[in-house]
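Enquirer: Here it is: the structure, laid out below.
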Amino acid sequence: MIKTILVPTDGSGHARKALALACGFAEKYGARLVLVHVLLRDAAPDDLRAVTNVKQLPKAIRVELERVEDVPLAAASLGGGYVAPPIPTSVLEAVGERILDAAKRVAERSGVKKISFHVAEGDPAAHILDCAKREKADMIVMGKRGLGSLQELFIGSVSHKVGNLAACPCMTVK
Ligand code: ATP
Ligand code: MG
């Protein structure tokens, strides 16, 4: 019997597909949905802007988000990636709120009756695993990939860790 389905979301396309599938399961089994978001501390500012409807953010937050720049690294020794700029927590919280709000609306539109939310800060996989345990999740449905830019990797580090360590079935969706 599936009573509780946990859906971790970073707002990515894969996470949105996972949510759609989870909503179908929730409806079929009359299960409740637990939506989990861990603040996107390591995300590139462009990704934050891409996963949020920027226009819906409060003006002060929008201004802050627009101010944060992606800083390409000149130093080859650092792999030519991006330096993580200091994104204010208030911005990450506002983005997280929008991601969860959008997920909630999708779930409600699909007819899911019981939805709860968790927002945390820290290691995403650790929080997802902890939440699954506390909520006694019967199933986790998550994206195979997320916002990470290492697209050549087969599977994201969060889905890899959660899939390996979860005590319940874990489905990754692409
Ligand atoms: P990596 O982060 O290792 O560079 P990635 O971003 O492509 O790779 P993951 O982070 O593993 O891949 O994302 C896979 C799935 O994990 C996402 O679709 C989402 O369901 C979940 N997830 C990832 N990060 C978070 C987060 N901060 N909060 C909630 N769920 C998350
Ligand atoms: Mg990621």
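Chain lettering (A, B, ...) mirrors the order of the structure tokens, residue numbering begins at 1 for each chain separately, and ligand numbering begins at 1 in order of display.
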Neighbouring residues of ligand 2 are defined here as those with any atom at most 10 Å from a ligand atom, counting only C-alpha atoms and all ligand atoms; list them as an NGL selection string.
Expert: :A and (9-10 or 12 or 40 or 42-43 or 124-125 or 143-150 or 155-159)
Enquirer: Would you mind exporting N, CA, C and O atoms of the selected residues as a CSV table (one decimal), in the first residue's frame?
Expert:
chain,number,residue,atom,x,y,z
A,9,THR,N,12.3,18.3,-5.1
A,9,THR,CA,12.3,19.1,-6.3
A,9,THR,C,13.3,20.3,-6.2
A,9,THR,O,13.3,21.0,-5.3
A,10,ASP,N,14.1,20.5,-7.3
A,10,ASP,CA,15.0,21.6,-7.4
A,10,ASP,C,14.4,22.5,-8.5
A,10,ASP,O,15.1,23.4,-9.0
A,12,SER,N,14.0,21.7,-11.6
A,12,SER,CA,14.5,21.3,-12.9
A,12,SER,C,13.4,20.6,-13.7
A,12,SER,O,12.4,20.1,-13.2
A,40,LEU,N,18.9,26.1,-2.9
A,40,LEU,CA,19.8,25.9,-4.0
A,40,LEU,C,21.1,26.7,-3.9
A,40,LEU,O,21.5,27.6,-4.7
A,42,ASP,N,24.2,25.9,-4.2
A,42,ASP,CA,25.3,25.8,-5.2
A,42,ASP,C,24.9,26.1,-6.6
A,42,ASP,O,25.6,25.9,-7.5
A,43,ALA,N,23.6,26.5,-6.8
A,43,ALA,CA,23.1,26.7,-8.2
A,43,ALA,C,23.7,28.0,-8.8
A,43,ALA,O,24.1,28.9,-8.0
A,124,PRO,N,21.5,18.3,0.1
A,124,PRO,CA,20.2,17.9,-0.4
A,124,PRO,C,19.9,16.4,-0.2
A,124,PRO,O,18.8,16.1,0.3
A,125,ALA,N,20.8,15.5,-0.5
A,125,ALA,CA,20.6,14.1,-0.4
A,125,ALA,C,20.3,13.7,1.1
A,125,ALA,O,19.4,13.0,1.4
A,143,GLY,N,13.9,13.4,-10.0
A,143,GLY,CA,14.5,13.5,-11.3
A,143,GLY,C,15.8,12.7,-11.4
A,143,GLY,O,16.4,12.5,-10.4
A,144,LYS,N,16.1,12.2,-12.6
A,144,LYS,CA,17.4,11.5,-12.7
A,144,LYS,C,18.5,12.5,-12.7
A,144,LYS,O,19.6,12.3,-12.2
A,145,ARG,N,18.3,13.7,-13.3
A,145,ARG,CA,19.2,14.8,-13.3
A,145,ARG,C,18.5,16.0,-12.7
A,145,ARG,O,17.3,16.0,-12.5
A,146,GLY,N,19.3,17.0,-12.5
A,146,GLY,CA,18.7,18.3,-11.9
A,146,GLY,C,19.3,19.5,-12.6
A,146,GLY,O,19.4,19.5,-13.8
A,147,LEU,N,19.7,20.5,-11.8
A,147,LEU,CA,20.2,21.7,-12.4
A,147,LEU,C,21.7,21.7,-12.7
A,147,LEU,O,22.2,22.6,-13.2
A,148,GLY,N,22.3,20.6,-12.3
A,148,GLY,CA,23.8,20.5,-12.4
A,148,GLY,C,24.2,20.6,-13.9
A,148,GLY,O,23.4,20.3,-14.8
A,149,SER,N,25.4,21.1,-14.1
A,149,SER,CA,25.8,21.4,-15.5
A,149,SER,C,26.6,20.3,-16.1
A,149,SER,O,27.0,20.3,-17.3
A,150,LEU,N,27.0,19.3,-15.3
A,150,LEU,CA,27.8,18.2,-15.8
A,150,LEU,C,27.0,17.2,-16.6
A,150,LEU,O,26.8,16.1,-16.1
A,155,ILE,N,24.0,10.2,-14.2
A,155,ILE,CA,23.0,10.4,-13.2
A,155,ILE,C,23.5,11.5,-12.2
A,155,ILE,O,24.7,11.5,-12.0
A,156,GLY,N,22.6,12.3,-11.7
A,156,GLY,CA,23.1,13.4,-10.8
A,156,GLY,C,23.5,12.8,-9.4
A,156,GLY,O,23.1,11.7,-9.1
A,157,SER,N,24.3,13.6,-8.7
A,157,SER,CA,24.9,13.1,-7.4
A,157,SER,C,23.8,12.9,-6.4
A,157,SER,O,23.8,12.0,-5.5
A,158,VAL,N,22.8,13.8,-6.4
A,158,VAL,CA,21.7,13.7,-5.4
A,158,VAL,C,20.8,12.4,-5.7
A,158,VAL,O,20.6,11.6,-4.8
A,159,SER,N,20.4,12.2,-6.9
A,159,SER,CA,19.6,11.0,-7.2
A,159,SER,C,20.4,9.8,-7.0
A,159,SER,O,19.9,8.7,-6.5
Enquirer: Using only C-alpha atoms, which residues sit within 10 Å of Val36 (chain A) once same-chain residues fewer than 3 positions away are excluded, as a list in words?
Expert: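 Returned residues: Leu6, Val7, Pro8, Thr9, Asp10, Leu33, Leu39, Gly96, Leu100, Ser116, Phe117, His118, Val119, Ala120, Pro124, His127, Ile128, Cys131 and Ala132 of chain A.
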Enquirer: Enumerate, as a ChimeraX atom specification, the complete set of residues in region 33-130 of chain A that a backbone-based DSSP assignment places in helix (DSSP H, G or I).
Expert: /A:45-51,54-56,59-67,76-78,89-109,124-130
Enquirer: In terms of the shortest atom-to-atom distance over only C-alpha atoms and all ligand atoms, which of A:Asp138, A:Leu92, A:Val51, A:Gly13 is closest to ligand 1?
Expert: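 Closest residue, counting only C-alpha atoms and all ligand atoms: A:Gly13.
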Enquirer: Just to confirm, what's the straight-line distance from CA of Val112 (chain A) to CA of Lys3 (chain A) in Å (one decimal)?
Expert: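 A separation of 12.2 Å between them.
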Enquirer: Which residue is closest to Lys174 (chain A)? Choose from A:Ala20, A:Asp46, A:Ile115, A:Phe25 and count only C-alpha atoms.
Expert: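 Closest residue, counting only C-alpha atoms: A:Ala20.
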Enquirer: Neighbouring residues of Leu165 (chain A) were defined as those with any atom within 10 Å, considering only C-alpha atoms; residues of the same chain fewer than 4 positions away were excluded. Please report them as a list in words.
Expert: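 With the cut-off at 10 Å, the set is Ala125, Ala126, Leu129, Ser159, His160, Lys161 and Cys170 of chain A.
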Enquirer: Kindly indicate which residue among A:Val106, A:Ala22, A:Met142, A:Gly30 lies nearest to ligand 1, using only C-alpha atoms and all ligand atoms for the distances.
Expert: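 The closest residue to ligand 1 is A:Met142.
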Enquirer: Kindly indicate which residue among A:Ala166, A:Ile5, A:Ile61, A:Ala94 lies nearest to Arg32 (chain A), using only C-alpha atoms for the distances.
Expert: A:Ile5
Enquirer: In terms of the shortest atom-to-atom distance over only C-alpha atoms and all ligand atoms, which of A:Gly24, A:Arg98, A:Val38, A:Val141 is closest to ligand 1?
Expert: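 The answer is A:Val38, which sits nearest to ligand 1.
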Enquirer: With distances taken over only C-alpha atoms and all ligand atoms, which of A:Arg49, A:Arg67, A:Arg16, A:His37 is nearest to ligand 1?
Expert: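 Using only C-alpha atoms and all ligand atoms, the shortest distance to ligand 1 belongs to A:His37.
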Enquirer: For a test of reading the model, state the distance in Å between atom 27 (N, counted along the ligand's line) of ligand 1 and CA of Gly111 (chain A), rounded to one decimal.
Expert: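 Value for the atom 27 (N, counted along the ligand's line) of ligand 1-CA of Gly111 (chain A) distance: 25.5 Å.
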Enquirer: Find the distance between CA of Val95 (chain A) and CA of Met171 (chain A) and write it in Å to one decimal.
Expert: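 So the answer is 25.2 Å.
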Enquirer: List every residue of chain A that DSSP, applied to the backbone of this structure, places in strand (DSSP E), and write the result as a ChimeraX atom specification.
Expert: /A:4-8,32-38,71-72,82-83,115-120,139-143,170-173
Enquirer: Once you have the residues from the selection above, write them out as a tab-separated table (two decimals), in the first residue's frame, restricted to N, CA, C and O atoms.
Expert:
chain	number	residue	atom	x	y	z
A	4	THR	N	2.33	7.36	1.26
A	4	THR	CA	3.08	8.62	1.25
A	4	THR	C	4.15	8.59	0.15
A	4	THR	O	4.99	7.69	0.11
A	5	ILE	N	4.09	9.59	-0.73
A	5	ILE	CA	5.07	9.68	-1.82
A	5	ILE	C	5.88	10.96	-1.65
A	5	ILE	O	5.31	12.05	-1.53
A	6	LEU	N	7.17	10.81	-1.60
A	6	LEU	CA	8.06	11.96	-1.41
A	6	LEU	C	8.60	12.43	-2.76
A	6	LEU	O	9.12	11.61	-3.53
A	7	VAL	N	8.46	13.70	-3.04
A	7	VAL	CA	8.97	14.25	-4.30
A	7	VAL	C	9.95	15.39	-3.99
A	7	VAL	O	9.53	16.48	-3.62
A	8	PRO	N	11.24	15.14	-4.14
A	8	PRO	CA	12.20	16.22	-3.96
A	8	PRO	C	12.28	17.04	-5.25
A	8	PRO	O	12.37	16.46	-6.33
A	32	ARG	N	-0.73	10.65	-0.03
A	32	ARG	CA	-0.38	12.05	0.16
A	32	ARG	C	1.00	12.30	-0.45
A	32	ARG	O	1.82	11.37	-0.58
A	33	LEU	N	1.20	13.55	-0.84
A	33	LEU	CA	2.45	13.94	-1.49
A	33	LEU	C	3.25	14.80	-0.53
A	33	LEU	O	2.71	15.73	0.08
A	34	VAL	N	4.52	14.49	-0.38
A	34	VAL	CA	5.41	15.33	0.43
A	34	VAL	C	6.42	15.96	-0.51
A	34	VAL	O	7.22	15.25	-1.14
A	35	LEU	N	6.36	17.28	-0.64
A	35	LEU	CA	7.29	17.99	-1.53
A	35	LEU	C	8.46	18.52	-0.71
A	35	LEU	O	8.25	19.17	0.31
A	36	VAL	N	9.66	18.22	-1.17
A	36	VAL	CA	10.86	18.63	-0.43
A	36	VAL	C	11.74	19.50	-1.31
A	36	VAL	O	12.01	19.16	-2.46
A	37	HIS	N	12.17	20.61	-0.73
A	37	HIS	CA	13.12	21.47	-1.45
A	37	HIS	C	14.27	21.84	-0.52
A	37	HIS	O	14.04	22.29	0.60
A	38	VAL	N	15.48	21.65	-1.00
A	38	VAL	CA	16.66	22.08	-0.24
A	38	VAL	C	17.22	23.30	-0.97
A	38	VAL	O	17.42	23.26	-2.20
A	71	VAL	N	30.04	34.27	-12.50
A	71	VAL	CA	31.42	34.73	-12.68
A	71	VAL	C	32.26	33.62	-13.29
A	71	VAL	O	32.63	32.66	-12.62
A	72	PRO	N	32.54	33.71	-14.60
A	72	PRO	CA	33.37	32.67	-15.21
A	72	PRO	C	34.79	32.76	-14.66
A	72	PRO	O	35.33	33.84	-14.51
A	82	TYR	N	32.46	27.80	-12.71
A	82	TYR	CA	31.92	29.05	-12.17
A	82	TYR	C	32.22	29.15	-10.68
A	82	TYR	O	32.10	28.18	-9.95
A	83	VAL	N	32.61	30.34	-10.28
A	83	VAL	CA	32.74	30.58	-8.85
A	83	VAL	C	31.33	30.74	-8.32
A	83	VAL	O	30.51	31.42	-8.93
A	115	ILE	N	-1.19	17.41	0.53
A	115	ILE	CA	0.17	17.82	0.12
A	115	ILE	C	0.84	18.49	1.31
A	115	ILE	O	0.24	19.34	1.97
A	116	SER	N	2.07	18.10	1.59
A	116	SER	CA	2.81	18.85	2.61
A	116	SER	C	4.19	19.23	2.06
A	116	SER	O	4.62	18.71	1.02
A	117	PHE	N	4.86	20.13	2.79
A	117	PHE	CA	6.08	20.75	2.27
A	117	PHE	C	7.20	20.73	3.28
A	117	PHE	O	6.96	20.86	4.48
A	118	HIS	N	8.41	20.59	2.76
A	118	HIS	CA	9.58	20.72	3.62
A	118	HIS	C	10.61	21.56	2.89
A	118	HIS	O	10.92	21.30	1.73
A	119	VAL	N	11.14	22.55	3.58
A	119	VAL	CA	12.24	23.32	3.03
A	119	VAL	C	13.40	23.18	4.01
A	119	VAL	O	13.21	23.24	5.22
A	120	ALA	N	14.59	22.94	3.47
A	120	ALA	CA	15.74	22.75	4.35
A	120	ALA	C	16.96	23.42	3.71
A	120	ALA	O	16.92	23.83	2.55
A	139	MET	N	7.57	5.67	-0.94
A	139	MET	CA	8.17	5.76	-2.26
A	139	MET	C	8.76	7.16	-2.47
A	139	MET	O	8.18	8.14	-2.01
A	140	ILE	N	9.90	7.22	-3.16
A	140	ILE	CA	10.47	8.53	-3.54
A	140	ILE	C	10.44	8.60	-5.06
A	140	ILE	O	10.82	7.63	-5.73
A	141	VAL	N	9.95	9.70	-5.59
A	141	VAL	CA	9.98	9.89	-7.04
A	141	VAL	C	10.74	11.19	-7.31
A	141	VAL	O	10.33	12.26	-6.86
A	142	MET	N	11.86	11.08	-8.00
A	142	MET	CA	12.71	12.26	-8.21
A	142	MET	C	13.29	12.28	-9.62
A	142	MET	O	13.20	11.29	-10.35
A	143	GLY	N	13.86	13.41	-10.01
A	143	GLY	CA	14.47	13.50	-11.32
A	143	GLY	C	15.77	12.71	-11.38
A	143	GLY	O	16.45	12.53	-10.37
A	170	CYS	N	12.85	3.87	-4.78
A	170	CYS	CA	13.15	5.22	-5.28
A	170	CYS	C	13.15	5.18	-6.80
A	170	CYS	O	13.91	4.41	-7.40
A	171	MET	N	12.32	5.97	-7.38
A	171	MET	CA	12.22	6.00	-8.85
A	171	MET	C	12.86	7.28	-9.37
A	171	MET	O	12.56	8.36	-8.86
A	172	THR	N	13.74	7.15	-10.37
A	172	THR	CA	14.27	8.36	-10.99
A	172	THR	C	13.65	8.51	-12.38
A	172	THR	O	13.49	7.54	-13.10
A	173	VAL	N	13.31	9.75	-12.69
A	173	VAL	CA	12.52	10.02	-13.89
A	173	VAL	C	13.29	10.94	-14.82
A	173	VAL	O	13.94	11.88	-14.38
